[in-house]
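Quick notes on the structure that follows.
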Amino acid sequence: MRLNVTVNGEARQADDVWEGESLLHVLRERLGLPGSKNACEQGECGSCTVYMDGTPVCSCLVAAGQAEGREVATVEGLADGDTLDRVQQSFVDAGAVQCGFCTPGLVVAAHDLLNRVPQPSDPEIREALAGNLCRCTGYEKILDAVRLAATR
Ligand code: FES
Ligand code: FES
């Protein structure tokens with residue numbers, strides 16, 4: 001099937017998409033957007049988190065056909081050209097990126113939190129990021145990054 005989807009503000013099209021294909025696969029393999037990561041492909045880790053119509057979703061659990069006509073924003077779309085979004089920059093500045101596999105999903109989840117709650121408490125940050133697993137950092141630097149982004 002042919003998929004029509006708006007990605008990061010741009011109308012995109014993918015041909016020969018098969019029925020069981022995930023939105024994550026389309027983004028990474030067909031549309032050249034490898035920011036969203038495939039770590040579990042089971043909805044467990046959050047590494048594939050993107051916005052769909054403004055709501056964060058695990059793109060590995062979204063069938064490509066469900067994205068027809070929708071607006072998707074990936075971690076790539078948060079930056080303004082070469083200028084990182086405040087959440088992206090804060091992850092860098094706080095040293096919250098190690099292997100980086102979890103980072104795109106955490107950045108999208110934190111971005112969504114700060115849109116909804118500009119000055120979140122630590123429990124609110126922990127709750128918002130509870131669906132995003134990191135195997136490297138121990139989470140403290142990630143919390144620091146979100147706290148830093150909230151000040152910017
Ligand atoms: S790759 Fe989608 S939740 Fe882990
Ligand atoms: S930085 Fe490696 S999984 Fe989070």
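Every chain in the structure tokens takes a letter, A first, then B, and so on in the order presented; its residues are numbered from 1, and the ligands are numbered from 1 following the presented order.
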All strand (DSSP E) positions in stretch 21-84 of chain A, as a PyMOL selection string: chain A and resi 49-52+55-58+71-73
Please, could you write that set of residues out with all heavy atoms as a short mmCIF file (atom, residue, chain, number, x, y, z; two decimals), in the first residue's frame?
data_model
loop_
_atom_site.label_atom_id
_atom_site.label_comp_id
_atom_site.auth_asym_id
_atom_site.auth_seq_id
_atom_site.Cartn_x
_atom_site.Cartn_y
_atom_site.Cartn_z
N THR A 49 9.92 6.38 20.64
CA THR A 49 8.84 7.34 20.87
C THR A 49 8.86 8.49 19.87
O THR A 49 9.90 9.12 19.66
CB THR A 49 8.94 7.91 22.30
OG1 THR A 49 8.93 6.83 23.23
CG2 THR A 49 7.77 8.85 22.60
N VAL A 50 7.72 8.75 19.27
CA VAL A 50 7.52 9.91 18.38
C VAL A 50 6.18 10.53 18.74
O VAL A 50 5.36 9.91 19.42
CB VAL A 50 7.53 9.51 16.88
CG1 VAL A 50 8.83 8.84 16.49
CG2 VAL A 50 6.34 8.60 16.54
N TYR A 51 5.97 11.74 18.29
CA TYR A 51 4.65 12.33 18.40
C TYR A 51 3.79 11.88 17.21
O TYR A 51 4.28 11.88 16.07
CB TYR A 51 4.71 13.86 18.31
CG TYR A 51 5.19 14.59 19.54
CD1 TYR A 51 6.42 15.23 19.55
CD2 TYR A 51 4.38 14.71 20.65
CE1 TYR A 51 6.85 15.95 20.66
CE2 TYR A 51 4.79 15.44 21.77
CZ TYR A 51 6.02 16.05 21.76
OH TYR A 51 6.43 16.77 22.86
N MET A 52 2.55 11.51 17.48
CA MET A 52 1.58 11.33 16.39
C MET A 52 0.37 12.20 16.72
O MET A 52 -0.25 12.03 17.79
CB MET A 52 1.18 9.87 16.21
CG MET A 52 0.38 9.67 14.93
SD MET A 52 0.33 7.95 14.36
CE MET A 52 -0.92 7.29 15.45
N THR A 55 0.61 13.56 20.22
CA THR A 55 0.66 12.67 21.39
C THR A 55 1.84 11.70 21.24
O THR A 55 1.99 11.09 20.18
CB THR A 55 -0.65 11.86 21.50
OG1 THR A 55 -1.73 12.77 21.65
CG2 THR A 55 -0.62 10.91 22.68
N PRO A 56 2.65 11.55 22.29
CA PRO A 56 3.76 10.58 22.19
C PRO A 56 3.24 9.15 22.07
O PRO A 56 2.34 8.75 22.82
CB PRO A 56 4.53 10.77 23.50
CG PRO A 56 4.11 12.09 24.02
CD PRO A 56 2.68 12.28 23.56
N VAL A 57 3.81 8.41 21.14
CA VAL A 57 3.44 7.00 20.96
C VAL A 57 4.71 6.20 20.73
O VAL A 57 5.73 6.74 20.31
CB VAL A 57 2.50 6.80 19.74
CG1 VAL A 57 1.18 7.50 19.93
CG2 VAL A 57 3.16 7.26 18.44
N CYS A 58 4.63 4.91 21.04
CA CYS A 58 5.71 4.00 20.67
C CYS A 58 5.50 3.64 19.21
O CYS A 58 4.56 2.91 18.87
CB CYS A 58 5.68 2.74 21.53
SG CYS A 58 6.16 3.02 23.24
N GLU A 71 -0.13 13.46 11.46
CA GLU A 71 1.07 14.30 11.61
C GLU A 71 2.01 13.61 12.59
O GLU A 71 1.64 13.39 13.75
CB GLU A 71 0.70 15.66 12.18
CG GLU A 71 -0.30 16.43 11.35
CD GLU A 71 0.28 17.74 10.83
OE1 GLU A 71 1.43 18.07 11.19
OE2 GLU A 71 -0.42 18.40 10.06
N VAL A 72 3.19 13.31 12.13
CA VAL A 72 4.19 12.65 12.97
C VAL A 72 5.37 13.60 13.16
O VAL A 72 5.77 14.31 12.22
CB VAL A 72 4.66 11.33 12.31
CG1 VAL A 72 5.86 10.74 13.06
CG2 VAL A 72 3.51 10.33 12.26
N ALA A 73 5.88 13.66 14.37
CA ALA A 73 7.10 14.42 14.62
C ALA A 73 8.10 13.50 15.31
O ALA A 73 7.76 12.85 16.30
CB ALA A 73 6.82 15.65 15.48
#
Shell of 12 Å around A:Asn8, only C-alpha atoms, local chain residues under 6 positions omitted, as an MDAnalysis selection string: chainID A and resid 27 31 33 50:54 70:81
Within 6 Å of ligand 1, counting only C-alpha atoms and all ligand atoms, residues as number ranges by chain: A: 38-48, 58-60
Go ahead and save the picked residues with all heavy atoms, as a PDB file, in the first residue's frame.
ATOM      1  N   ASN A  38      15.136   1.360  17.453  1.00  0.00           N
ATOM      2  CA  ASN A  38      14.444   0.094  17.638  1.00  0.00           C
ATOM      3  C   ASN A  38      15.230  -0.746  18.634  1.00  0.00           C
ATOM      4  O   ASN A  38      16.228  -1.362  18.288  1.00  0.00           O
ATOM      5  CB  ASN A  38      14.328  -0.646  16.298  1.00  0.00           C
ATOM      6  CG  ASN A  38      13.591  -1.954  16.450  1.00  0.00           C
ATOM      7  OD1 ASN A  38      13.186  -2.325  17.551  1.00  0.00           O
ATOM      8  ND2 ASN A  38      13.414  -2.669  15.352  1.00  0.00           N
ATOM      9  N   ALA A  39      14.782  -0.725  19.886  1.00  0.00           N
ATOM     10  CA  ALA A  39      15.516  -1.476  20.907  1.00  0.00           C
ATOM     11  C   ALA A  39      14.782  -2.738  21.341  1.00  0.00           C
ATOM     12  O   ALA A  39      15.425  -3.709  21.715  1.00  0.00           O
ATOM     13  CB  ALA A  39      15.788  -0.593  22.117  1.00  0.00           C
ATOM     14  N   CYS A  40      13.451  -2.716  21.332  1.00  0.00           N
ATOM     15  CA  CYS A  40      12.733  -3.919  21.793  1.00  0.00           C
ATOM     16  C   CYS A  40      11.648  -4.350  20.815  1.00  0.00           C
ATOM     17  O   CYS A  40      11.302  -5.509  20.764  1.00  0.00           O
ATOM     18  CB  CYS A  40      12.117  -3.674  23.169  1.00  0.00           C
ATOM     19  SG  CYS A  40      10.639  -2.623  23.142  1.00  0.00           S
ATOM     20  N   GLU A  41      11.104  -3.410  20.087  1.00  0.00           N
ATOM     21  CA  GLU A  41      10.028  -3.662  19.118  1.00  0.00           C
ATOM     22  C   GLU A  41       8.808  -4.302  19.780  1.00  0.00           C
ATOM     23  O   GLU A  41       8.060  -5.016  19.145  1.00  0.00           O
ATOM     24  CB  GLU A  41      10.532  -4.531  17.955  1.00  0.00           C
ATOM     25  CG  GLU A  41      10.008  -4.057  16.624  1.00  0.00           C
ATOM     26  CD  GLU A  41      10.685  -4.720  15.428  1.00  0.00           C
ATOM     27  OE1 GLU A  41      11.560  -5.570  15.629  1.00  0.00           O
ATOM     28  OE2 GLU A  41      10.314  -4.368  14.305  1.00  0.00           O
ATOM     29  N   GLN A  42       8.650  -4.050  21.077  1.00  0.00           N
ATOM     30  CA  GLN A  42       7.530  -4.641  21.813  1.00  0.00           C
ATOM     31  C   GLN A  42       6.805  -3.628  22.680  1.00  0.00           C
ATOM     32  O   GLN A  42       6.045  -4.017  23.570  1.00  0.00           O
ATOM     33  CB  GLN A  42       8.028  -5.774  22.709  1.00  0.00           C
ATOM     34  CG  GLN A  42       8.595  -6.943  21.942  1.00  0.00           C
ATOM     35  CD  GLN A  42       9.043  -8.058  22.862  1.00  0.00           C
ATOM     36  OE1 GLN A  42       8.990  -7.935  24.081  1.00  0.00           O
ATOM     37  NE2 GLN A  42       9.474  -9.158  22.278  1.00  0.00           N
ATOM     38  N   GLY A  43       7.106  -2.362  22.526  1.00  0.00           N
ATOM     39  CA  GLY A  43       6.433  -1.361  23.341  1.00  0.00           C
ATOM     40  C   GLY A  43       6.917  -1.298  24.772  1.00  0.00           C
ATOM     41  O   GLY A  43       6.242  -0.742  25.635  1.00  0.00           O
ATOM     42  N   GLU A  44       8.114  -1.839  25.028  1.00  0.00           N
ATOM     43  CA  GLU A  44       8.592  -1.914  26.413  1.00  0.00           C
ATOM     44  C   GLU A  44       9.593  -0.828  26.782  1.00  0.00           C
ATOM     45  O   GLU A  44       9.733  -0.503  27.956  1.00  0.00           O
ATOM     46  CB  GLU A  44       9.257  -3.279  26.653  1.00  0.00           C
ATOM     47  CG  GLU A  44       8.339  -4.465  26.481  1.00  0.00           C
ATOM     48  CD  GLU A  44       7.350  -4.607  27.632  1.00  0.00           C
ATOM     49  OE1 GLU A  44       7.547  -3.955  28.658  1.00  0.00           O
ATOM     50  OE2 GLU A  44       6.383  -5.364  27.473  1.00  0.00           O
ATOM     51  N   CYS A  45      10.322  -0.295  25.797  1.00  0.00           N
ATOM     52  CA  CYS A  45      11.495   0.514  26.160  1.00  0.00           C
ATOM     53  C   CYS A  45      11.364   2.000  25.869  1.00  0.00           C
ATOM     54  O   CYS A  45      12.122   2.802  26.406  1.00  0.00           O
ATOM     55  CB  CYS A  45      12.731  -0.026  25.449  1.00  0.00           C
ATOM     56  SG  CYS A  45      12.780   0.362  23.680  1.00  0.00           S
ATOM     57  N   GLY A  46      10.489   2.388  24.980  1.00  0.00           N
ATOM     58  CA  GLY A  46      10.287   3.808  24.676  1.00  0.00           C
ATOM     59  C   GLY A  46      11.308   4.420  23.738  1.00  0.00           C
ATOM     60  O   GLY A  46      11.222   5.614  23.427  1.00  0.00           O
ATOM     61  N   SER A  47      12.267   3.648  23.258  1.00  0.00           N
ATOM     62  CA  SER A  47      13.315   4.212  22.399  1.00  0.00           C
ATOM     63  C   SER A  47      12.788   4.716  21.062  1.00  0.00           C
ATOM     64  O   SER A  47      13.450   5.496  20.380  1.00  0.00           O
ATOM     65  CB  SER A  47      14.394   3.156  22.121  1.00  0.00           C
ATOM     66  OG  SER A  47      14.954   2.704  23.311  1.00  0.00           O
ATOM     67  N   CYS A  48      11.615   4.259  20.704  1.00  0.00           N
ATOM     68  CA  CYS A  48      11.032   4.585  19.396  1.00  0.00           C
ATOM     69  C   CYS A  48       9.971   5.682  19.497  1.00  0.00           C
ATOM     70  O   CYS A  48       9.217   5.887  18.552  1.00  0.00           O
ATOM     71  CB  CYS A  48      10.393   3.332  18.815  1.00  0.00           C
ATOM     72  SG  CYS A  48       9.048   2.733  19.884  1.00  0.00           S
ATOM     73  N   CYS A  58       4.629   4.910  21.037  1.00  0.00           N
ATOM     74  CA  CYS A  58       5.713   4.000  20.674  1.00  0.00           C
ATOM     75  C   CYS A  58       5.503   3.636  19.205  1.00  0.00           C
ATOM     76  O   CYS A  58       4.565   2.906  18.870  1.00  0.00           O
ATOM     77  CB  CYS A  58       5.685   2.735  21.532  1.00  0.00           C
ATOM     78  SG  CYS A  58       6.155   3.019  23.244  1.00  0.00           S
ATOM     79  N   SER A  59       6.371   4.131  18.346  1.00  0.00           N
ATOM     80  CA  SER A  59       6.140   3.936  16.916  1.00  0.00           C
ATOM     81  C   SER A  59       6.315   2.487  16.493  1.00  0.00           C
ATOM     82  O   SER A  59       5.846   2.097  15.425  1.00  0.00           O
ATOM     83  CB  SER A  59       7.033   4.854  16.083  1.00  0.00           C
ATOM     84  OG  SER A  59       8.399   4.615  16.351  1.00  0.00           O
ATOM     85  N   CYS A  60       6.945   1.670  17.324  1.00  0.00           N
ATOM     86  CA  CYS A  60       7.061   0.245  16.986  1.00  0.00           C
ATOM     87  C   CYS A  60       5.721  -0.459  17.131  1.00  0.00           C
ATOM     88  O   CYS A  60       5.533  -1.541  16.583  1.00  0.00           O
ATOM     89  CB  CYS A  60       8.119  -0.443  17.836  1.00  0.00           C
ATOM     90  SG  CYS A  60       7.668  -0.707  19.571  1.00  0.00           S
TER      91      CYS A  60
END
Residue among A:Gly32, A:Gly95, A:Pro123, A:Gly105 lying closest to A:Ile142, counting only C-alpha atoms: A:Gly95
Nearby polymer residues, ligand 2, at most 12 Å, only C-alpha atoms and all ligand atoms, as a PyMOL selection string: chain A and resi 37-40+45-47+91-92+95-107+132-142
Please produce an output containing N, CA and C atoms for each residue in the selection, written as a JSON list (two decimals), in the first residue's frame.
[["chain", "number", "residue", "atom", "x", "y", "z"],
["A", 37, "LYS", "N", 14.77, 4.95, 17.67],
["A", 37, "LYS", "CA", 15.54, 3.70, 17.74],
["A", 37, "LYS", "C", 14.64, 2.48, 17.95],
["A", 38, "ASN", "N", 15.14, 1.36, 17.45],
["A", 38, "ASN", "CA", 14.44, 0.09, 17.64],
["A", 38, "ASN", "C", 15.23, -0.75, 18.63],
["A", 39, "ALA", "N", 14.78, -0.73, 19.89],
["A", 39, "ALA", "CA", 15.52, -1.48, 20.91],
["A", 39, "ALA", "C", 14.78, -2.74, 21.34],
["A", 40, "CYS", "N", 13.45, -2.72, 21.33],
["A", 40, "CYS", "CA", 12.73, -3.92, 21.79],
["A", 40, "CYS", "C", 11.65, -4.35, 20.82],
["A", 45, "CYS", "N", 10.32, -0.29, 25.80],
["A", 45, "CYS", "CA", 11.50, 0.51, 26.16],
["A", 45, "CYS", "C", 11.36, 2.00, 25.87],
["A", 46, "GLY", "N", 10.49, 2.39, 24.98],
["A", 46, "GLY", "CA", 10.29, 3.81, 24.68],
["A", 46, "GLY", "C", 11.31, 4.42, 23.74],
["A", 47, "SER", "N", 12.27, 3.65, 23.26],
["A", 47, "SER", "CA", 13.32, 4.21, 22.40],
["A", 47, "SER", "C", 12.79, 4.72, 21.06],
["A", 91, "PHE", "N", 20.19, 17.56, 27.35],
["A", 91, "PHE", "CA", 20.71, 16.19, 27.46],
["A", 91, "PHE", "C", 22.22, 16.19, 27.19],
["A", 92, "VAL", "N", 22.64, 16.97, 26.22],
["A", 92, "VAL", "CA", 24.08, 17.06, 25.93],
["A", 92, "VAL", "C", 24.79, 17.72, 27.10],
["A", 95, "GLY", "N", 25.22, 15.72, 30.32],
["A", 95, "GLY", "CA", 25.91, 14.44, 30.21],
["A", 95, "GLY", "C", 24.96, 13.26, 30.32],
["A", 96, "ALA", "N", 23.74, 13.43, 29.79],
["A", 96, "ALA", "CA", 22.71, 12.40, 29.93],
["A", 96, "ALA", "C", 22.73, 11.40, 28.77],
["A", 97, "VAL", "N", 23.71, 11.53, 27.88],
["A", 97, "VAL", "CA", 23.78, 10.63, 26.73],
["A", 97, "VAL", "C", 25.02, 9.76, 26.87],
["A", 98, "GLN", "N", 24.82, 8.45, 26.93],
["A", 98, "GLN", "CA", 25.98, 7.55, 26.91],
["A", 98, "GLN", "C", 25.95, 6.79, 25.58],
["A", 99, "CYS", "N", 25.36, 5.61, 25.53],
["A", 99, "CYS", "CA", 25.31, 4.95, 24.21],
["A", 99, "CYS", "C", 24.33, 5.66, 23.29],
["A", 100, "GLY", "N", 23.35, 6.35, 23.87],
["A", 100, "GLY", "CA", 22.43, 7.15, 23.07],
["A", 100, "GLY", "C", 21.22, 6.40, 22.54],
["A", 101, "PHE", "N", 21.15, 5.12, 22.83],
["A", 101, "PHE", "CA", 20.05, 4.35, 22.24],
["A", 101, "PHE", "C", 18.70, 4.78, 22.78],
["A", 102, "CYS", "N", 18.66, 5.12, 24.06],
["A", 102, "CYS", "CA", 17.39, 5.51, 24.67],
["A", 102, "CYS", "C", 17.07, 6.98, 24.45],
["A", 103, "THR", "N", 18.09, 7.75, 24.05],
["A", 103, "THR", "CA", 17.99, 9.21, 24.10],
["A", 103, "THR", "C", 16.87, 9.80, 23.25],
["A", 104, "PRO", "N", 16.68, 9.39, 22.01],
["A", 104, "PRO", "CA", 15.62, 10.01, 21.22],
["A", 104, "PRO", "C", 14.24, 9.88, 21.86],
["A", 105, "GLY", "N", 13.95, 8.70, 22.39],
["A", 105, "GLY", "CA", 12.66, 8.51, 23.04],
["A", 105, "GLY", "C", 12.53, 9.33, 24.30],
["A", 106, "LEU", "N", 13.61, 9.39, 25.08],
["A", 106, "LEU", "CA", 13.58, 10.20, 26.31],
["A", 106, "LEU", "C", 13.42, 11.67, 25.98],
["A", 107, "VAL", "N", 14.07, 12.11, 24.93],
["A", 107, "VAL", "CA", 13.97, 13.53, 24.55],
["A", 107, "VAL", "C", 12.53, 13.87, 24.16],
["A", 132, "ASN", "N", 10.34, 4.86, 29.56],
["A", 132, "ASN", "CA", 11.56, 4.92, 28.75],
["A", 132, "ASN", "C", 12.72, 4.30, 29.54],
["A", 133, "LEU", "N", 13.26, 3.23, 29.02],
["A", 133, "LEU", "CA", 14.32, 2.51, 29.72],
["A", 133, "LEU", "C", 15.70, 2.94, 29.23],
["A", 134, "CYS", "N", 16.61, 3.09, 30.18],
["A", 134, "CYS", "CA", 18.00, 3.39, 29.85],
["A", 134, "CYS", "C", 18.87, 2.36, 30.55],
["A", 135, "ARG", "N", 19.78, 1.76, 29.80],
["A", 135, "ARG", "CA", 20.64, 0.73, 30.38],
["A", 135, "ARG", "C", 21.97, 1.30, 30.86],
["A", 136, "CYS", "N", 22.23, 2.57, 30.59],
["A", 136, "CYS", "CA", 23.58, 3.10, 30.82],
["A", 136, "CYS", "C", 23.70, 4.09, 31.96],
["A", 137, "THR", "N", 22.79, 5.02, 32.06],
["A", 137, "THR", "CA", 23.09, 6.23, 32.84],
["A", 137, "THR", "C", 22.70, 6.15, 34.31],
["A", 138, "GLY", "N", 21.86, 5.21, 34.69],
["A", 138, "GLY", "CA", 21.35, 5.22, 36.06],
["A", 138, "GLY", "C", 20.31, 6.29, 36.28],
["A", 139, "TYR", "N", 19.94, 6.99, 35.24],
["A", 139, "TYR", "CA", 18.82, 7.95, 35.22],
["A", 139, "TYR", "C", 19.10, 9.30, 35.88],
["A", 140, "GLU", "N", 20.11, 9.40, 36.76],
["A", 140, "GLU", "CA", 20.30, 10.68, 37.45],
["A", 140, "GLU", "C", 20.62, 11.81, 36.47],
["A", 141, "LYS", "N", 21.49, 11.53, 35.51],
["A", 141, "LYS", "CA", 21.84, 12.57, 34.53],
["A", 141, "LYS", "C", 20.64, 12.93, 33.65],
["A", 142, "ILE", "N", 19.80, 11.95, 33.43],
["A", 142, "ILE", "CA", 18.59, 12.23, 32.63],
["A", 142, "ILE", "C", 17.67, 13.17, 33.40]]
d(atom CA of A:Gln13, atom CA of A:Val87) in Å: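 That distance, rounded to one decimal, is 28.9 Å.
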Pick from A:Arg28, A:Arg116, A:Arg152, A:Arg12, whichever lies nearest to A:Gln89 using only C-alpha atoms: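 Smallest separation from A:Gln89 among the options: A:Arg152.
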Selected residue, from A:Ala11, A:Leu3, A:Ala64, A:Ile125, that lies nearest to A:Leu23 when counting only C-alpha atoms: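 Nearest to A:Leu23: A:Ala64.
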Which residue of A:Ser22, A:Gln119, A:Thr151, A:Ser36 approaches A:Arg86 most closely, using only C-alpha atoms: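 Selected residue with least distance to A:Arg86: A:Thr151.
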